[in-house]
Amino acid sequence: MYNYIYLYLLTIAGIFIEFSFLGTVGNFLLKIVIFACISYFLYELWKNRPEADLETTIISTDDQNQAKENSFAFLDIEPTQLTVLLKSEKKYAEFLVNQFFIIWNFILPHNGYLFYKNSEGSLRLMHKQLQQGLSWHSDFDPSGFSSIIDSKEEILIENNIEPAEKVLPFYGDQNYKPSSLLALTTDFESSEKLYWIFDADTPDFFNVEDAAVLKSINDNTLSIISAALQNSGLAKEYKIIEQKLQIANQLNSAQSLNECIDKFCEILTEEFEASKLTIATKIRDDNKSNKAVIKKAIGIDDPFKTGYEFALDEGLNGWVILKNKPYLLDDIDKGEFFVPRFSKEEKSNYDLRSFLSIPFQLESEAIGMVTLEHKEINKYNNEHKNRLIDYCNILSFALRRFKGLYKIK
């Protein structure tokens, strides 16, 4: 504190007081002494600064770095599949056809095709333009031309293809034999592809010098469609978040456990297709610590209705709670042995085949499960599983408000 006072007084003296009685030289020397004293006190203040200042600076820097990381977190959005985008937004399909005609008018081929290949490798024709009187055969093996086109970086120009039917197996026995081929590929991050294929029956038809312009057209197509896929993925993610918020609001408005489960059941029946929906909670008392009770059962007429109690170690539904682990089965009737759903006394699965069951928890302990079953085989997939896990997590948070959950029968 005193150092600040000394520093203040010395500054006032150095700026406003003239020591004329000392003469010019004396006044100058005294100013130097005052400056040296100010420098000394400044050094003392810096040396004795609190260590917390440095620590605060470090923490602040870390927080800024974390903020930068979080600011870019929204970019980590999974893009929509191209096939989904083209079905939901017709304008992008029209855009691709327009790009096809831009290329067509630039190179003036005899025939042209635009193919879409999904991430599993299935090929589908999106658009074609053929000479009058010429038809194409849709029942061809696409492995020949796609492997040749994929072997190139982006643009393939072959001005003397032989044998033509192996490279372009579109024409069968017609009196047309392509001699020149020009092909482009548009590759997306989702492992989906577009093939732009053009041919002519004249050798040396396509100009290699056109490759730069074609690459520019293809790059623009990729940029626009990729941005659309990203935006569509962002919109989808926003819709999912908004939907989860609505579910949370509905469940948190419930005044009792039973009302909360009823609301959750209504949500699931709107979101999922099932032949049987079952929601059960674990019974926690001294006599029935290894049992659960069905709180809600909707669907087929079987013995396992609301109020039915079952052991956790005798069937699929109990194992979900007992092991605190989701189960996704494409067919519960598949295999050599009969797998019961609730009790070892069961003799039938009532024609139910697909099985998806997710536990819901309190403090990392499974206290119940939600099960979807369907008569169709392979009805549910990982997308259904992940969505139901998210919903059960919301339910778990909502159930924390209800004391005495473990005593419910």
# chains A, B, ... in the order shown; residues from 1 in each chain; ligands from 1
$ residues_around --residues "Ser216 of chain A" --least-positions-apart "5" --cutoff "12 Å" --atoms "only C-alpha atoms" --output "list in words"
Gln99, Ile102, Ile103, Glu154, Ile155, Leu184, Thr186, Asp210, Ala211, Thr221, Leu222 and Ser223 of chain A
$ residues_around --residues "Gly133 of chain A" --least-positions-apart "5" --cutoff "12 Å" --atoms "only C-alpha atoms" --output "list in words"
Asn111, Tyr171, Gln174, Asn175 and Tyr176 of chain A
$ write_last_selection --atoms "C-alpha atoms" --output "JSON list (two decimals), in the first residue's frame"
[["chain", "number", "residue", "atom", "x", "y", "z"],
["A", 111, "ASN", "CA", -25.31, -40.49, -75.43],
["A", 171, "TYR", "CA", -26.68, -51.33, -75.69],
["A", 174, "GLN", "CA", -28.18, -52.96, -81.06],
["A", 175, "ASN", "CA", -26.29, -51.64, -84.04],
["A", 176, "TYR", "CA", -24.41, -49.10, -81.96]]
$ atom_distance --atom1 "atom CA of Ala311 of chain A" --atom2 "atom CA of Asn378 of chain A"
26.9 Å
$ residues_around --residues "Lys375 of chain A" --least-positions-apart "6" --cutoff "6 Å" --atoms "only C-alpha atoms" --output "CSV table (one decimal) with all heavy atoms, in the first residue's frame"
chain,number,residue,atom,x,y,z
A,351,ASP,N,-45.7,-65.3,-32.0
A,351,ASP,CA,-45.4,-64.8,-33.3
A,351,ASP,C,-44.5,-63.5,-33.4
A,351,ASP,O,-44.3,-63.0,-34.4
A,351,ASP,CB,-46.6,-64.6,-34.2
A,351,ASP,CG,-47.3,-66.0,-34.5
A,351,ASP,OD1,-46.6,-67.0,-34.6
A,351,ASP,OD2,-48.6,-66.0,-34.6
A,352,LEU,N,-44.1,-63.1,-32.2
A,352,LEU,CA,-43.2,-61.9,-32.2
A,352,LEU,C,-41.8,-62.3,-32.6
A,352,LEU,O,-41.3,-63.4,-32.2
A,352,LEU,CB,-43.2,-61.3,-30.8
A,352,LEU,CG,-44.5,-60.7,-30.3
A,352,LEU,CD1,-44.5,-60.3,-28.8
A,352,LEU,CD2,-44.9,-59.5,-31.1
A,353,ARG,N,-41.2,-61.5,-33.4
A,353,ARG,CA,-39.8,-61.9,-33.9
A,353,ARG,C,-38.8,-60.8,-33.6
A,353,ARG,O,-37.8,-61.1,-32.9
A,353,ARG,CB,-39.9,-62.0,-35.5
A,353,ARG,CG,-41.1,-63.0,-35.9
A,353,ARG,CD,-40.9,-64.4,-35.4
A,353,ARG,NE,-39.8,-65.1,-35.9
A,353,ARG,CZ,-39.9,-65.8,-37.1
A,353,ARG,NH1,-41.0,-65.9,-37.7
A,353,ARG,NH2,-38.8,-66.5,-37.5
